[in-house]
>>> print(open('target.pdb').read())   # PDB, C-alpha atoms and all ligand atoms
ATOM      1  CA  MET A   1       0.000   0.000   0.000  1.00  0.00           C
ATOM      2  CA  THR A   2       1.363   3.437  -0.881  1.00  0.00           C
ATOM      3  CA  LYS A   3       0.764   5.869   1.923  1.00  0.00           C
ATOM      4  CA  GLU A   4      -0.141   9.460   1.248  1.00  0.00           C
ATOM      5  CA  LYS A   5       2.701  11.926   1.742  1.00  0.00           C
ATOM      6  CA  ASP A   6       2.056  15.615   2.209  1.00  0.00           C
ATOM      7  CA  VAL A   7       3.611  18.915   3.210  1.00  0.00           C
ATOM      8  CA  MET A   8       2.041  20.773   6.140  1.00  0.00           C
ATOM      9  CA  ILE A   9       2.696  24.490   6.412  1.00  0.00           C
ATOM     10  CA  ALA A  10       3.152  25.690  10.005  1.00  0.00           C
ATOM     11  CA  CYS A  11       1.119  28.910  10.006  1.00  0.00           C
ATOM     12  CA  ASP A  12       2.866  30.424  13.008  1.00  0.00           C
ATOM     13  CA  PHE A  13       1.379  33.892  12.587  1.00  0.00           C
ATOM     14  CA  SER A  14      -0.012  36.050  15.359  1.00  0.00           C
ATOM     15  CA  THR A  15      -3.152  37.342  13.648  1.00  0.00           C
ATOM     16  CA  LYS A  16      -5.935  36.104  11.435  1.00  0.00           C
ATOM     17  CA  ALA A  17      -5.280  38.919   8.961  1.00  0.00           C
ATOM     18  CA  GLU A  18      -1.684  37.821   8.483  1.00  0.00           C
ATOM     19  CA  THR A  19      -2.697  34.182   8.132  1.00  0.00           C
ATOM     20  CA  MET A  20      -5.416  34.839   5.582  1.00  0.00           C
ATOM     21  CA  ALA A  21      -3.129  37.113   3.571  1.00  0.00           C
ATOM     22  CA  PHE A  22      -0.577  34.302   3.549  1.00  0.00           C
ATOM     23  CA  LEU A  23      -3.116  31.667   2.466  1.00  0.00           C
ATOM     24  CA  ASP A  24      -4.397  33.996  -0.264  1.00  0.00           C
ATOM     25  CA  LEU A  25      -0.986  33.641  -1.952  1.00  0.00           C
ATOM     26  CA  PHE A  26      -1.936  30.061  -2.827  1.00  0.00           C
ATOM     27  CA  THR A  27      -4.243  30.418  -5.801  1.00  0.00           C
ATOM     28  CA  GLU A  28      -3.593  27.034  -7.411  1.00  0.00           C
ATOM     29  CA  GLU A  29      -3.260  24.706  -4.428  1.00  0.00           C
ATOM     30  CA  LYS A  30      -4.847  24.166  -1.000  1.00  0.00           C
ATOM     31  CA  PRO A  31      -1.983  23.278   1.311  1.00  0.00           C
ATOM     32  CA  TYR A  32      -2.443  21.211   4.473  1.00  0.00           C
ATOM     33  CA  VAL A  33      -2.029  23.826   7.221  1.00  0.00           C
ATOM     34  CA  LYS A  34      -0.876  23.511  10.793  1.00  0.00           C
ATOM     35  CA  ILE A  35      -2.470  25.907  13.255  1.00  0.00           C
ATOM     36  CA  GLY A  36      -0.665  26.208  16.560  1.00  0.00           C
ATOM     37  CA  MET A  37      -0.991  27.829  19.948  1.00  0.00           C
ATOM     38  CA  GLU A  38       0.078  31.295  18.858  1.00  0.00           C
ATOM     39  CA  LEU A  39      -2.813  31.718  16.448  1.00  0.00           C
ATOM     40  CA  LEU A  40      -5.444  29.779  18.363  1.00  0.00           C
ATOM     41  CA  TYR A  41      -4.840  31.703  21.585  1.00  0.00           C
ATOM     42  CA  ALA A  42      -5.089  34.996  19.700  1.00  0.00           C
ATOM     43  CA  GLU A  43      -8.016  34.291  17.401  1.00  0.00           C
ATOM     44  CA  GLY A  44      -9.968  31.390  18.912  1.00  0.00           C
ATOM     45  CA  PRO A  45     -11.638  28.385  17.273  1.00  0.00           C
ATOM     46  CA  ASP A  46     -13.646  30.364  14.700  1.00  0.00           C
ATOM     47  CA  MET A  47     -10.431  30.880  12.824  1.00  0.00           C
ATOM     48  CA  VAL A  48     -10.039  27.094  12.534  1.00  0.00           C
ATOM     49  CA  ARG A  49     -13.594  26.776  11.191  1.00  0.00           C
ATOM     50  CA  GLU A  50     -12.922  29.521   8.669  1.00  0.00           C
ATOM     51  CA  ILE A  51      -9.726  27.952   7.328  1.00  0.00           C
ATOM     52  CA  LYS A  52     -11.495  24.617   7.113  1.00  0.00           C
ATOM     53  CA  ALA A  53     -14.358  26.230   5.190  1.00  0.00           C
ATOM     54  CA  ARG A  54     -11.784  27.466   2.669  1.00  0.00           C
ATOM     55  CA  GLY A  55     -11.003  23.819   1.895  1.00  0.00           C
ATOM     56  CA  HIS A  56      -7.709  23.329   3.732  1.00  0.00           C
ATOM     57  CA  LYS A  57      -6.912  20.227   5.754  1.00  0.00           C
ATOM     58  CA  ILE A  58      -5.953  21.237   9.290  1.00  0.00           C
ATOM     59  CA  PHE A  59      -3.491  19.900  11.838  1.00  0.00           C
ATOM     60  CA  LEU A  60      -4.398  21.637  15.108  1.00  0.00           C
ATOM     61  CA  ASP A  61      -1.151  21.507  17.045  1.00  0.00           C
ATOM     62  CA  LEU A  62      -1.903  22.208  20.717  1.00  0.00           C
ATOM     63  CA  LYS A  63       0.318  19.514  22.288  1.00  0.00           C
ATOM     64  CA  LEU A  64      -1.957  18.712  25.223  1.00  0.00           C
ATOM     65  CA  HIS A  65      -0.158  17.486  28.351  1.00  0.00           C
ATOM     66  CA  ASP A  66      -2.149  17.342  31.618  1.00  0.00           C
ATOM     67  CA  ILE A  67      -3.964  14.840  33.823  1.00  0.00           C
ATOM     68  CA  PRO A  68      -6.073  12.358  31.832  1.00  0.00           C
ATOM     69  CA  ASN A  69      -9.439  13.835  32.863  1.00  0.00           C
ATOM     70  CA  THR A  70      -8.477  17.384  31.850  1.00  0.00           C
ATOM     71  CA  VAL A  71      -6.995  16.214  28.560  1.00  0.00           C
ATOM     72  CA  LYS A  72     -10.099  14.183  27.776  1.00  0.00           C
ATOM     73  CA  LYS A  73     -12.382  17.179  28.312  1.00  0.00           C
ATOM     74  CA  ALA A  74     -10.162  19.537  26.320  1.00  0.00           C
ATOM     75  CA  MET A  75      -9.807  16.989  23.530  1.00  0.00           C
ATOM     76  CA  ARG A  76     -13.574  16.689  23.310  1.00  0.00           C
ATOM     77  CA  ASN A  77     -13.738  20.369  22.354  1.00  0.00           C
ATOM     78  CA  ILE A  78     -10.974  19.924  19.773  1.00  0.00           C
ATOM     79  CA  ALA A  79     -12.774  16.884  18.351  1.00  0.00           C
ATOM     80  CA  LEU A  80     -15.947  18.935  17.946  1.00  0.00           C
ATOM     81  CA  LEU A  81     -13.978  21.145  15.508  1.00  0.00           C
ATOM     82  CA  ASP A  82     -13.444  17.975  13.428  1.00  0.00           C
ATOM     83  CA  VAL A  83      -9.937  18.930  12.339  1.00  0.00           C
ATOM     84  CA  ASP A  84      -7.944  16.359  10.361  1.00  0.00           C
ATOM     85  CA  MET A  85      -5.161  15.917  12.890  1.00  0.00           C
ATOM     86  CA  THR A  86      -4.261  16.994  16.424  1.00  0.00           C
ATOM     87  CA  ASN A  87      -1.691  16.052  19.063  1.00  0.00           C
ATOM     88  CA  VAL A  88      -0.758  15.431  22.683  1.00  0.00           C
ATOM     89  CA  HIS A  89       2.603  14.908  24.391  1.00  0.00           C
ATOM     90  CA  ALA A  90       3.524  11.225  24.718  1.00  0.00           C
ATOM     91  CA  ALA A  91       5.221  12.187  28.007  1.00  0.00           C
ATOM     92  CA  GLY A  92       1.714  12.584  29.458  1.00  0.00           C
ATOM     93  CA  THR A  93       1.523   8.745  29.768  1.00  0.00           C
ATOM     94  CA  ILE A  94      -0.385   5.981  28.000  1.00  0.00           C
ATOM     95  CA  GLU A  95      -3.390   6.617  30.247  1.00  0.00           C
ATOM     96  CA  MET A  96      -3.498  10.260  29.181  1.00  0.00           C
ATOM     97  CA  MET A  97      -3.144   9.391  25.483  1.00  0.00           C
ATOM     98  CA  LYS A  98      -5.950   6.808  25.804  1.00  0.00           C
ATOM     99  CA  ALA A  99      -8.193   9.430  27.427  1.00  0.00           C
ATOM    100  CA  ALA A 100      -7.546  11.795  24.525  1.00  0.00           C
ATOM    101  CA  GLN A 101      -8.343   9.106  21.955  1.00  0.00           C
ATOM    102  CA  GLU A 102     -11.528   8.187  23.840  1.00  0.00           C
ATOM    103  CA  ALA A 103     -12.758  11.775  23.597  1.00  0.00           C
ATOM    104  CA  ILE A 104     -12.305  11.735  19.812  1.00  0.00           C
ATOM    105  CA  ASP A 105     -14.030   8.357  19.509  1.00  0.00           C
ATOM    106  CA  GLU A 106     -16.936   9.474  21.674  1.00  0.00           C
ATOM    107  CA  VAL A 107     -17.494  12.551  19.527  1.00  0.00           C
ATOM    108  CA  GLY A 108     -17.182  10.422  16.395  1.00  0.00           C
ATOM    109  CA  ALA A 109     -14.740  12.853  14.769  1.00  0.00           C
ATOM    110  CA  HIS A 110     -12.455  11.715  11.950  1.00  0.00           C
ATOM    111  CA  THR A 111      -9.493  13.497  13.610  1.00  0.00           C
ATOM    112  CA  GLN A 112      -6.207  11.567  13.635  1.00  0.00           C
ATOM    113  CA  LEU A 113      -4.484  11.792  17.009  1.00  0.00           C
ATOM    114  CA  ILE A 114      -0.704  11.738  17.170  1.00  0.00           C
ATOM    115  CA  ALA A 115       1.785  12.164  20.031  1.00  0.00           C
ATOM    116  CA  VAL A 116       4.912  14.293  20.282  1.00  0.00           C
ATOM    117  CA  THR A 117       7.853  12.031  21.163  1.00  0.00           C
ATOM    118  CA  GLN A 118      10.777  14.399  21.748  1.00  0.00           C
ATOM    119  CA  LEU A 119      10.607  17.954  20.431  1.00  0.00           C
ATOM    120  CA  THR A 120      12.889  18.602  17.486  1.00  0.00           C
ATOM    121  CA  SER A 121      14.404  21.508  19.413  1.00  0.00           C
ATOM    122  CA  THR A 122      15.734  19.089  22.061  1.00  0.00           C
ATOM    123  CA  SER A 123      19.223  17.595  21.977  1.00  0.00           C
ATOM    124  CA  GLU A 124      20.419  14.407  23.631  1.00  0.00           C
ATOM    125  CA  GLU A 125      22.752  16.468  25.790  1.00  0.00           C
ATOM    126  CA  ARG A 126      19.891  18.596  27.104  1.00  0.00           C
ATOM    127  CA  MET A 127      17.726  15.544  27.725  1.00  0.00           C
ATOM    128  CA  ARG A 128      20.463  14.118  29.898  1.00  0.00           C
ATOM    129  CA  SER A 129      21.592  17.213  31.766  1.00  0.00           C
ATOM    130  CA  GLU A 130      18.273  19.088  32.199  1.00  0.00           C
ATOM    131  CA  LEU A 131      15.520  16.499  31.921  1.00  0.00           C
ATOM    132  CA  TRP A 132      17.489  13.619  33.445  1.00  0.00           C
ATOM    133  CA  ILE A 133      16.447  11.272  30.639  1.00  0.00           C
ATOM    134  CA  ASP A 134      19.513   9.095  30.462  1.00  0.00           C
ATOM    135  CA  HIS A 135      18.792   7.239  27.214  1.00  0.00           C
ATOM    136  CA  PRO A 136      19.845   7.882  23.629  1.00  0.00           C
ATOM    137  CA  ILE A 137      17.283  10.137  21.955  1.00  0.00           C
ATOM    138  CA  ALA A 138      16.495   7.502  19.324  1.00  0.00           C
ATOM    139  CA  ASP A 139      15.596   4.953  22.023  1.00  0.00           C
ATOM    140  CA  THR A 140      13.333   7.442  23.795  1.00  0.00           C
ATOM    141  CA  VAL A 141      11.578   8.328  20.545  1.00  0.00           C
ATOM    142  CA  GLN A 142      11.031   4.642  19.746  1.00  0.00           C
ATOM    143  CA  HIS A 143       9.781   3.921  23.262  1.00  0.00           C
ATOM    144  CA  TYR A 144       7.345   6.867  23.278  1.00  0.00           C
ATOM    145  CA  ALA A 145       6.136   5.871  19.798  1.00  0.00           C
ATOM    146  CA  ARG A 146       5.439   2.368  21.054  1.00  0.00           C
ATOM    147  CA  ASN A 147       3.486   3.857  23.993  1.00  0.00           C
ATOM    148  CA  ALA A 148       1.433   5.946  21.556  1.00  0.00           C
ATOM    149  CA  GLU A 149       0.707   2.825  19.534  1.00  0.00           C
ATOM    150  CA  ILE A 150      -0.367   0.938  22.679  1.00  0.00           C
ATOM    151  CA  ALA A 151      -2.703   3.850  23.505  1.00  0.00           C
ATOM    152  CA  GLY A 152      -4.322   3.421  20.081  1.00  0.00           C
ATOM    153  CA  LEU A 153      -3.024   6.607  18.457  1.00  0.00           C
ATOM    154  CA  ALA A 154      -2.500   6.978  14.710  1.00  0.00           C
ATOM    155  CA  GLY A 155       1.118   8.085  14.851  1.00  0.00           C
ATOM    156  CA  VAL A 156       3.721  10.436  16.270  1.00  0.00           C
ATOM    157  CA  VAL A 157       5.559  13.681  15.791  1.00  0.00           C
ATOM    158  CA  CYS A 158       9.304  13.058  15.645  1.00  0.00           C
ATOM    159  CA  SER A 159      12.335  14.395  13.849  1.00  0.00           C
ATOM    160  CA  PRO A 160      12.613  13.330  10.192  1.00  0.00           C
ATOM    161  CA  LEU A 161      15.871  11.652  11.218  1.00  0.00           C
ATOM    162  CA  GLU A 162      13.840   9.208  13.362  1.00  0.00           C
ATOM    163  CA  ALA A 163      11.002   8.349  10.934  1.00  0.00           C
ATOM    164  CA  ASP A 164      12.538   5.053   9.897  1.00  0.00           C
ATOM    165  CA  LEU A 165      13.202   3.976  13.508  1.00  0.00           C
ATOM    166  CA  VAL A 166       9.558   4.641  14.373  1.00  0.00           C
ATOM    167  CA  HIS A 167       8.281   2.660  11.403  1.00  0.00           C
ATOM    168  CA  ARG A 168      10.552  -0.205  12.377  1.00  0.00           C
ATOM    169  CA  VAL A 169       8.925  -0.564  15.826  1.00  0.00           C
ATOM    170  CA  CYS A 170       5.354   0.522  15.041  1.00  0.00           C
ATOM    171  CA  GLY A 171       4.950  -0.589  11.425  1.00  0.00           C
ATOM    172  CA  GLU A 172       4.665   1.221   8.109  1.00  0.00           C
ATOM    173  CA  ASN A 173       1.047   2.285   8.664  1.00  0.00           C
ATOM    174  CA  PHE A 174       1.897   4.241  11.807  1.00  0.00           C
ATOM    175  CA  ILE A 175       2.101   7.900  10.772  1.00  0.00           C
ATOM    176  CA  THR A 176       5.277   9.943  11.193  1.00  0.00           C
ATOM    177  CA  VAL A 177       4.792  13.710  11.137  1.00  0.00           C
ATOM    178  CA  THR A 178       8.137  15.426  11.051  1.00  0.00           C
ATOM    179  CA  PRO A 179       8.966  19.066  11.755  1.00  0.00           C
ATOM    180  CA  GLY A 180      12.600  20.164  11.803  1.00  0.00           C
ATOM    181  CA  ILE A 181      12.741  20.684   8.044  1.00  0.00           C
ATOM    182  CA  ARG A 182      15.194  23.070   6.436  1.00  0.00           C
ATOM    183  CA  PHE A 183      16.490  23.554   2.908  1.00  0.00           C
ATOM    184  CA  ALA A 184      20.245  23.011   2.808  1.00  0.00           C
ATOM    185  CA  ASP A 185      20.995  26.754   2.816  1.00  0.00           C
ATOM    186  CA  ASP A 186      18.493  27.771   5.569  1.00  0.00           C
ATOM    187  CA  ALA A 187      19.297  28.765   9.152  1.00  0.00           C
ATOM    188  CA  LYS A 188      18.371  26.149  11.767  1.00  0.00           C
ATOM    189  CA  GLY A 189      17.072  28.747  14.252  1.00  0.00           C
ATOM    190  CA  ASP A 190      15.890  27.017  17.450  1.00  0.00           C
ATOM    191  CA  GLN A 191      15.658  23.582  15.793  1.00  0.00           C
ATOM    192  CA  VAL A 192      18.282  20.939  16.571  1.00  0.00           C
ATOM    193  CA  ARG A 193      17.314  17.669  14.844  1.00  0.00           C
ATOM    194  CA  VAL A 194      16.756  18.858  11.253  1.00  0.00           C
ATOM    195  CA  THR A 195      17.088  17.722   7.679  1.00  0.00           C
ATOM    196  CA  THR A 196      15.973  18.661   4.155  1.00  0.00           C
ATOM    197  CA  PRO A 197      12.657  17.675   2.497  1.00  0.00           C
ATOM    198  CA  ALA A 198      14.518  15.314   0.129  1.00  0.00           C
ATOM    199  CA  LYS A 199      16.324  13.550   2.968  1.00  0.00           C
ATOM    200  CA  ALA A 200      13.054  13.320   4.975  1.00  0.00           C
ATOM    201  CA  ARG A 201      11.533  11.465   2.017  1.00  0.00           C
ATOM    202  CA  GLU A 202      14.515   9.138   1.848  1.00  0.00           C
ATOM    203  CA  ILE A 203      14.252   8.315   5.566  1.00  0.00           C
ATOM    204  CA  GLY A 204      10.531   7.642   5.241  1.00  0.00           C
ATOM    205  CA  SER A 205       8.545  10.515   6.812  1.00  0.00           C
ATOM    206  CA  ASP A 206       4.864  10.567   5.940  1.00  0.00           C
ATOM    207  CA  TYR A 207       4.291  14.289   6.479  1.00  0.00           C
ATOM    208  CA  ILE A 208       6.793  17.085   6.787  1.00  0.00           C
ATOM    209  CA  VAL A 209       5.871  20.202   8.782  1.00  0.00           C
ATOM    210  CA  VAL A 210       7.526  23.281   7.345  1.00  0.00           C
ATOM    211  CA  GLY A 211       7.282  26.709   8.945  1.00  0.00           C
ATOM    212  CA  ARG A 212       9.866  29.397   8.440  1.00  0.00           C
ATOM    213  CA  SER A 213      11.451  27.853   5.334  1.00  0.00           C
ATOM    214  CA  ILE A 214       8.141  28.665   3.625  1.00  0.00           C
ATOM    215  CA  THR A 215       6.554  31.472   5.671  1.00  0.00           C
ATOM    216  CA  ALA A 216       9.716  33.594   5.896  1.00  0.00           C
ATOM    217  CA  SER A 217      10.746  32.899   2.313  1.00  0.00           C
ATOM    218  CA  SER A 218      10.771  35.746  -0.223  1.00  0.00           C
ATOM    219  CA  ASP A 219       8.500  33.535  -2.379  1.00  0.00           C
ATOM    220  CA  PRO A 220       6.434  31.254  -0.102  1.00  0.00           C
ATOM    221  CA  VAL A 221       4.541  29.582  -2.972  1.00  0.00           C
ATOM    222  CA  ALA A 222       7.800  28.677  -4.741  1.00  0.00           C
ATOM    223  CA  SER A 223       9.248  27.314  -1.485  1.00  0.00           C
ATOM    224  CA  TYR A 224       6.090  25.260  -0.865  1.00  0.00           C
ATOM    225  CA  ARG A 225       6.287  23.854  -4.396  1.00  0.00           C
ATOM    226  CA  ARG A 226       9.942  23.019  -3.846  1.00  0.00           C
ATOM    227  CA  CYS A 227       8.904  21.004  -0.742  1.00  0.00           C
ATOM    228  CA  ILE A 228       6.233  19.175  -2.762  1.00  0.00           C
ATOM    229  CA  ARG A 229       8.743  18.386  -5.519  1.00  0.00           C
ATOM    230  CA  GLU A 230      11.483  17.182  -3.166  1.00  0.00           C
ATOM    231  CA  PHE A 231       9.339  15.425  -0.563  1.00  0.00           C
ATOM    232  CA  VAL A 232       6.120  14.249  -2.236  1.00  0.00           C
ATOM    233  CA  LYS A 233       7.277  13.673  -5.806  1.00  0.00           C
ATOM    234  CA  GLY A 234      10.905  12.818  -5.106  1.00  0.00           C
ATOM    235  CA  GLU A 235      12.144  15.005  -7.967  1.00  0.00           C
TER     236      GLU A 235
HETATM  237  O1  LIG B 301       4.207  19.357  16.990  1.00  0.00           O
HETATM  238  C1  LIG B 301       4.832  20.092  16.202  1.00  0.00           C
HETATM  239  O2  LIG B 301       4.292  20.516  15.195  1.00  0.00           O
HETATM  240  C2  LIG B 301       6.257  20.336  16.473  1.00  0.00           C
HETATM  241  C3  LIG B 301       6.910  19.365  17.203  1.00  0.00           C
HETATM  242  C4  LIG B 301       8.317  19.377  17.299  1.00  0.00           C
HETATM  243  O3  LIG B 301       8.942  18.484  17.878  1.00  0.00           O
HETATM  244  N1  LIG B 301       8.989  20.411  16.704  1.00  0.00           N
HETATM  245  C5  LIG B 301       8.357  21.422  16.032  1.00  0.00           C
HETATM  246  O4  LIG B 301       9.040  22.305  15.503  1.00  0.00           O
HETATM  247  N2  LIG B 301       6.974  21.426  15.949  1.00  0.00           N
HETATM  248  C6  LIG B 301       6.290  22.554  15.275  1.00  0.00           C
HETATM  249  O5  LIG B 301       6.679  22.596  13.896  1.00  0.00           O
HETATM  250  C7  LIG B 301       6.852  23.943  13.457  1.00  0.00           C
HETATM  251  C8  LIG B 301       8.258  24.102  12.928  1.00  0.00           C
HETATM  252  O6  LIG B 301       8.450  25.396  12.441  1.00  0.00           O
HETATM  253  P1  LIG B 301       9.781  25.837  11.682  1.00  0.00           P
HETATM  254  O7  LIG B 301      10.932  25.518  12.584  1.00  0.00           O
HETATM  255  O8  LIG B 301       9.580  27.297  11.458  1.00  0.00           O
HETATM  256  O9  LIG B 301       9.820  25.027  10.402  1.00  0.00           O
HETATM  257  C9  LIG B 301       6.504  24.839  14.632  1.00  0.00           C
HETATM  258  O10 LIG B 301       5.162  25.259  14.477  1.00  0.00           O
HETATM  259  C10 LIG B 301       6.610  23.936  15.855  1.00  0.00           C
HETATM  260  O11 LIG B 301       5.690  24.281  16.857  1.00  0.00           O
END
>>> encode(input="target.pdb", output="structure tokens", more="lines below")
Ligand SMILES: O=C(O)c1cc(=O)[nH]c(=O)n1[C@@H]1O[C@H](COP(=O)(O)O)[C@@H](O)[C@H]1O
Amino acid sequence: MTKEKDVMIACDFSTKAETMAFLDLFTEEKPYVKIGMELLYAEGPDMVREIKARGHKIFLDLKLHDIPNTVKKAMRNIALLDVDMTNVHAAGTIEMMKAAQEAIDEVGAHTQLIAVTQLTSTSEERMRSELWIDHPIADTVQHYARNAEIAGLAGVVCSPLEADLVHRVCGENFITVTPGIRFADDAKGDQVRVTTPAKAREIGSDYIVVGRSITASSDPVASYRRCIREFVKGE
């Protein structure tokens, strides 16, 4: 079975006006968009409904991490928006991830739930010295992915460098959504575990999440198309 691959644009803007002006640039395609905390906290859920009504698929990235009961209730409200994808932190435990999935199932939404394994801005050194996680990052990612699978989730967020490792433990149908994407000549910024769209394809990511390499580009549509060519089409 060939799985769908796609490019998600991280719309990390602070206002609706900015976001809509950005999306208006795309006259020929309807990119999969990721809406995060910055925009949701500023503009509220109506913004999500509006972008959905314009025909975009939406990954609502709110990274829930709390006690199971609170996460379940919050996830119910996300599920009612019927977005295509949303996420929690795998560090919240299997019980918390199960509670989140239950909320989606109870609402009957088609939303795919995925779990963040280790943020792409985290290094192994920082995990050891600050978080006291004394395991290689790849092992932690694999272990958290397995926990997400046990909880019944559809996949994980991980670095593109780890997509293959995740598929090896959780199978090819388990979705890998991978931020930490940069073109070879781009600045890394706050990201640590990064690679290019072409390399992400080679390693086996299912979706790449691309923010600044598209949104801060002098020609965002051209940069988006470059991601599609390199990652989806393998050209
Ligand atoms: O869940 C995410 O989307 C996410 C997880 C992660 O580990 N790393 C990560 O960068 N992200 C998000 O992916 C986007 C990456 O943006 P750029 O670094 O600008 O490409 C941001 O919106 C982050 O919030």
>>> residues_near_ligand(input="target.pdb", ligand="ligand LIG 301 (chain B)", cutoff="6 Å", atoms="all atoms listed in the file", output="JSON, numbers by chain")
{"A": [10, 12, 61, 118, 119, 120, 157, 158, 179, 180, 181, 209, 210, 211, 212]}
>>> resolve_selection(input="target.pdb", expression="the PyMOL selection byres (((chain A and resi 110) around 7) and not hetatm)", output="JSON, numbers by chain")
{"A": [82, 84, 108, 109, 111, 112]}
>>> closest_residue(input="target.pdb", among="A:Ala79, A:Ala154, A:Cys227, A:Thr140", to="Pro31 (chain A)", atoms="all atoms listed in the file")
A:Cys227
>>> closest_residue(input="target.pdb", among="A:Ile208, A:Arg201, A:Val116, A:Glu162", to="Pro136 (chain A)", atoms="only C-alpha atoms")
A:Glu162
>>> closest_residue(input="target.pdb", among="A:Ser14, A:Ser213, A:Asn147, A:Thr27", to="Val169 (chain A)", atoms="only C-alpha atoms")
A:Asn147
>>> resolve_selection(input="target.pdb", expression="the PyMOL selection byres (((chain A and resi 91) around 12) and not hetatm)", output="VMD selection string")
chain A and resid 63 to 68 87 to 90 92 to 97 115 to 119 131 133 140 to 141 143 to 145 147 to 148 156
>>> closest_residue(input="target.pdb", among="A:Lys72, A:Val83, A:Leu153, A:Glu124", to="Asp139 (chain A)", atoms="only C-alpha atoms")
A:Glu124
>>> closest_residue(input="target.pdb", among="A:Ala187, A:Val48, A:Ala103, A:His56", to="Arg76 (chain A)", atoms="all atoms listed in the file")
A:Ala103
>>> axis_aligned_box(input="target.pdb", around="region 30-37 of chain A", padding_each_side="8 Å", output="lines of an AutoDock Vina configuration file")
center_x = -2.8
center_y = 24.5
center_z = 9.5
size_x = 20.2
size_y = 22.6
size_z = 36.9
>>> atom_distance(input="target.pdb", atom1="CA of Glu43 (chain A)", atom2="CA of Lys30 (chain A)")
21.2 Å
>>> resolve_selection(input="target.pdb", expression="the PyMOL selection byres (((chain A and resi 193) around 8) and not hetatm)", output="PyMOL selection string")
chain A and resi 120-123+159-161+180+191-192+194-195
>>> write_last_selection(input="target.pdb", atoms="C-alpha atoms", output="short mmCIF file (atom, residue, chain, number, x, y, z; two decimals), keeping the file's coordinate frame")
data_model
loop_
_atom_site.label_atom_id
_atom_site.label_comp_id
_atom_site.auth_asym_id
_atom_site.auth_seq_id
_atom_site.Cartn_x
_atom_site.Cartn_y
_atom_site.Cartn_z
CA THR A 120 12.89 18.60 17.49
CA SER A 121 14.40 21.51 19.41
CA THR A 122 15.73 19.09 22.06
CA SER A 123 19.22 17.60 21.98
CA SER A 159 12.34 14.40 13.85
CA PRO A 160 12.61 13.33 10.19
CA LEU A 161 15.87 11.65 11.22
CA GLY A 180 12.60 20.16 11.80
CA GLN A 191 15.66 23.58 15.79
CA VAL A 192 18.28 20.94 16.57
CA VAL A 194 16.76 18.86 11.25
CA THR A 195 17.09 17.72 7.68
#
>>> closest_residue(input="target.pdb", among="A:Lys16, A:Arg168, A:Lys199, A:Lys57", to="Leu39 (chain A)", atoms="all atoms listed in the file")
A:Lys16
>>> atom_distance(input="target.pdb", atom1="CA of Asp206 (chain A)", atom2="CA of Ala163 (chain A)")
8.2 Å
>>> atom_distance(input="target.pdb", atom1="CA of Val166 (chain A)", atom2="CA of Leu40 (chain A)")
29.5 Å
>>> closest_atom_pairs(input="target.pdb", of="region 19-39 of chain A", to="region 220-224 of chain A", cutoff="10 Å", atoms="all atoms listed in the file", output="JSON lines")
{"residue": "A:Phe22", "atom": "CA", "partner": "A:Pro220", "partner_atom": "CA", "distance": 8.5}
{"residue": "A:Leu23", "atom": "CA", "partner": "A:Val221", "partner_atom": "CA", "distance": 9.6}
{"residue": "A:Leu25", "atom": "CA", "partner": "A:Val221", "partner_atom": "CA", "distance": 6.9}
{"residue": "A:Phe26", "atom": "CA", "partner": "A:Val221", "partner_atom": "CA", "distance": 6.5}
{"residue": "A:Thr27", "atom": "CA", "partner": "A:Val221", "partner_atom": "CA", "distance": 9.3}
{"residue": "A:Glu28", "atom": "CA", "partner": "A:Val221", "partner_atom": "CA", "distance": 9.6}
{"residue": "A:Glu29", "atom": "CA", "partner": "A:Val221", "partner_atom": "CA", "distance": 9.3}
{"residue": "A:Pro31", "atom": "CA", "partner": "A:Tyr224", "partner_atom": "CA", "distance": 8.6}
